[in-house]
Amino acid sequence: MRRRLIISTIAIVVVVLAAMAVPVGVIVRDAAEEQLDTRLEQQARVVAATVDAQRVTGPTLDYEVLQGLIGPDDGLIVLNPDGTVELDITDPEAASTRLARATASDGSQITVVTSADLLDADVRRQLQILLMLAVGGVVAAAALAAVQGRGLAKPLERLADRAGRIGEGDFSRMASLRSGISEVDRIGEALDTSAERVEGLLASERHFTADATHQLRTGIAGMSLRAEILSLNPDPEVASEAQTILEQADQLNRTIDELLVVARNRESSERGEFDLLPIVNAHLREWEPRYQEARRRLALIVTAPSPPVLATRGLVGQVLDVLIDNALTHGEGAVTLMIDGPSVTVIDQGRGVGPEQAAKLFDGPVDPAARHGRGLALARRLAQVDGGKLEVVRA
């Protein structure tokens, strides 16, 4: 930011100076011409007065005195009243000259001449002085911009650091440093207020997650106890169903544990390498009875063998469950799971969704109290937490 501020300030000053260069140059040259013309006219009048004084004392003129009245680079022409040349001290090779004339009382014509190169040299000298002043102005503007940039950048750097710490999960309130810039100070106060609110919301969510987990585990424990009693029933069918309930209760406990870890730490510590095919097959077997009840087919195809993936088995399984359930509830026809390398695609034969709905498919419900529409949003979050992604490949 400091560099951009300095560069922009220098650019503004340079543009202003460039816009003023032409009119300033014209003014400088006009002033130099006027000053030169005034000097030549004064010299011509002085020479005319001296000629008058010398004519009174005698007919001859003192050339040395007259030459001393003009500048070392000037020329002098004195014409007698009859037009004859009395004195000519000029450079015949001068390409361009500037002159001034005066007339003595006896009718003599006095002409003071100087080279136009002197005028050009004087203009260049004055322009060089102005150029040095302009360079000094640019340097002063750059120094002022550096000081101003430092004063502006420091509070903004503190704000950026504060925003970065909030993004990393540090919601502790920092000591308030007043910058003297009201807009920046208000942004800092808004950041602190937002951090406090986010910290409060996260704390409430953690408490709610812990409470909900405790209540769910209490209910699951009661169900497991009843299932264990039923597993002792002499009827083999009843005992088998009870054993299935126990296995599903254990799986539900593991799912709750994994979701709790994700909610608390934003990552899972159970990541490891495994093949996708066995876990996909296992979930297909779990869902086949429900598909058979709905008279729909659930199949698996492998287009490219999957290399071992680094992920969490439980989270991958939960994502698969959400997608298979979504296809059963909202899709139509046969559902196919296709393993293509490290990816799994769930395909159904329904009518699909429009482009606008596909773009919002993973957004979740707007109403926090809504009881439906959370599955796909949860599945995407779980995939992202585990280092993967979930997206619509065909609407």
# chains A, B, ... in the order shown; residues from 1 in each chain; ligands from 1
>>> residues_around(residues="Glu33 (chain A)", least_positions_apart="6", cutoff="10 Å", atoms="only C-alpha atoms", output="PyMOL selection string")
chain A and resi 27+39+98+116+119-120+122-123
>>> residues_around(residues="Thr90 (chain A)", least_positions_apart="3", cutoff="10 Å", atoms="only C-alpha atoms", output="VMD selection string")
chain A and resid 73 to 77 87 93 to 94 112 to 115
>>> select_by_dssp(residues="region 66-254 of chain A", states="strand (DSSP E)", output="ChimeraX atom specification")
/A:74-79,85-89,97-103,109-115
>>> write_last_selection(atoms="N, CA, C and O atoms", output="short mmCIF file (atom, residue, chain, number, x, y, z; two decimals), in the first residue's frame")
data_model
loop_
_atom_site.label_atom_id
_atom_site.label_comp_id
_atom_site.auth_asym_id
_atom_site.auth_seq_id
_atom_site.Cartn_x
_atom_site.Cartn_y
_atom_site.Cartn_z
N ASP A 74 27.12 42.89 -26.72
CA ASP A 74 26.23 43.71 -27.53
C ASP A 74 27.00 44.42 -28.64
O ASP A 74 28.24 44.57 -28.57
N GLY A 75 26.25 44.84 -29.64
CA GLY A 75 26.82 45.64 -30.73
C GLY A 75 26.21 47.02 -30.77
O GLY A 75 25.13 47.25 -30.21
N LEU A 76 26.89 47.98 -31.46
CA LEU A 76 26.41 49.37 -31.50
C LEU A 76 26.61 49.92 -32.90
O LEU A 76 27.68 49.76 -33.50
N ILE A 77 25.57 50.58 -33.41
CA ILE A 77 25.64 51.27 -34.70
C ILE A 77 25.20 52.71 -34.48
O ILE A 77 24.11 52.95 -33.95
N VAL A 78 26.05 53.66 -34.92
CA VAL A 78 25.73 55.09 -34.82
C VAL A 78 25.72 55.66 -36.23
O VAL A 78 26.75 55.59 -36.95
N LEU A 79 24.59 56.20 -36.65
CA LEU A 79 24.45 56.83 -37.97
C LEU A 79 24.36 58.34 -37.80
O LEU A 79 23.60 58.83 -36.94
N VAL A 85 27.55 56.15 -41.79
CA VAL A 85 27.88 55.35 -40.60
C VAL A 85 29.01 56.03 -39.85
O VAL A 85 30.11 56.22 -40.39
N GLU A 86 28.75 56.38 -38.61
CA GLU A 86 29.76 56.97 -37.74
C GLU A 86 30.51 55.88 -36.97
O GLU A 86 31.73 55.96 -36.78
N LEU A 87 29.75 54.84 -36.52
CA LEU A 87 30.36 53.78 -35.72
C LEU A 87 29.56 52.49 -35.95
O LEU A 87 28.33 52.50 -35.93
N ASP A 88 30.25 51.36 -36.16
CA ASP A 88 29.59 50.05 -36.37
C ASP A 88 30.38 48.98 -35.63
O ASP A 88 31.45 48.56 -36.09
N ILE A 89 29.88 48.61 -34.45
CA ILE A 89 30.53 47.55 -33.65
C ILE A 89 29.53 46.38 -33.57
O ILE A 89 28.78 46.22 -32.62
N THR A 97 19.36 38.51 -34.62
CA THR A 97 19.68 39.54 -33.62
C THR A 97 18.40 40.17 -33.11
O THR A 97 17.34 40.09 -33.74
N ARG A 98 18.55 40.83 -31.96
CA ARG A 98 17.49 41.67 -31.41
C ARG A 98 18.08 43.05 -31.19
O ARG A 98 19.26 43.17 -30.81
N LEU A 99 17.30 44.08 -31.42
CA LEU A 99 17.86 45.44 -31.39
C LEU A 99 16.85 46.42 -30.82
O LEU A 99 15.66 46.12 -30.72
N ALA A 100 17.40 47.59 -30.46
CA ALA A 100 16.58 48.72 -29.98
C ALA A 100 17.18 50.00 -30.53
O ALA A 100 18.42 50.14 -30.61
N ARG A 101 16.33 50.96 -30.92
CA ARG A 101 16.81 52.21 -31.54
C ARG A 101 16.42 53.41 -30.69
O ARG A 101 15.42 53.38 -29.98
N ALA A 102 17.27 54.45 -30.81
CA ALA A 102 16.99 55.74 -30.17
C ALA A 102 17.57 56.84 -31.07
O ALA A 102 18.50 56.60 -31.86
N THR A 103 17.04 58.04 -30.95
CA THR A 103 17.46 59.16 -31.80
C THR A 103 18.01 60.28 -30.92
O THR A 103 17.37 60.69 -29.93
N GLN A 109 21.12 58.46 -35.42
CA GLN A 109 20.37 57.25 -35.13
C GLN A 109 21.26 56.27 -34.36
O GLN A 109 22.36 55.93 -34.81
N ILE A 110 20.80 55.84 -33.19
CA ILE A 110 21.56 54.93 -32.32
C ILE A 110 20.84 53.58 -32.33
O ILE A 110 19.64 53.51 -32.06
N THR A 111 21.57 52.52 -32.62
CA THR A 111 21.01 51.16 -32.62
C THR A 111 21.89 50.26 -31.77
O THR A 111 23.09 50.14 -32.04
N VAL A 112 21.29 49.68 -30.74
CA VAL A 112 22.00 48.70 -29.89
C VAL A 112 21.54 47.31 -30.32
O VAL A 112 20.34 47.03 -30.36
N VAL A 113 22.49 46.44 -30.61
CA VAL A 113 22.20 45.11 -31.17
C VAL A 113 22.80 44.05 -30.26
O VAL A 113 23.89 44.24 -29.69
N THR A 114 22.08 42.93 -30.12
CA THR A 114 22.61 41.77 -29.39
C THR A 114 22.14 40.49 -30.09
O THR A 114 21.15 40.49 -30.82
N SER A 115 22.84 39.41 -29.87
CA SER A 115 22.52 38.13 -30.51
C SER A 115 21.30 37.48 -29.83
O SER A 115 21.15 37.52 -28.61
#
>>> atom_distance(atom1="CA of Ile229 (chain A)", atom2="CA of Trp287 (chain A)")
26.1 Å
>>> closest_residue(among="A:Leu382, A:Leu276, A:Leu144, A:Ile301", to="Val322 (chain A)", atoms="only C-alpha atoms")
A:Leu382
>>> atom_distance(atom1="CA of Val24 (chain A)", atom2="CA of Gln42 (chain A)")
27.0 Å
>>> atom_distance(atom1="CA of Asp386 (chain A)", atom2="CA of Ala311 (chain A)")
5.9 Å
